[in-house]
Amino acid sequence: MVVIRQYFNEMEALVARSVLEAHEVPAVVLRDDAGGMLPAMHILYPVRLAVRKQDAAEALRILDAPFDDSVSGDEGFIGPDATGSP
């Protein structure tokens, strides 16, 4: 395993892990906060995101890619009408 990113916020690390796992790249979040009892430890010991060594380059490429917020496949979907029906 190799650490590819460090975060001061555990939620950011968990979101990054989810993005990688959605792209079929296994990842783990490593934190040293006494099992959640000392969350301020993140200041001294950031939360780390680690992947397998052979996946490191691909993981960084995925995380560094620009976010595409365009809607795909649901362009015609507007949502529920005023009555709450789709």
# chains A, B, ... in the order shown; residues from 1 in each chain; ligands from 1

call {"tool": "residues_around", "arguments": {"residues": "Val47 in chain A", "least_positions_apart": "4", "cutoff": "7 Å", "atoms": "only C-alpha atoms", "output": "ChimeraX atom specification"}}
result
/A:6-10,13,29-31,42

call {"tool": "atom_distance", "arguments": {"atom1": "CA of Tyr45 in chain A", "atom2": "CA of His23 in chain A"}}
result
27.5 Å

call {"tool": "residues_around", "arguments": {"residues": "Ala65 in chain A", "least_positions_apart": "4", "cutoff": "12 Å", "atoms": "only C-alpha atoms", "output": "count of residues only"}}
result
6

call {"tool": "select_by_dssp", "arguments": {"residues": "range 21-65 of chain A", "states": "helix (DSSP H, G or I)", "output": "PyMOL selection string"}}
result
chain A and resi 21-22+39-43+53-64
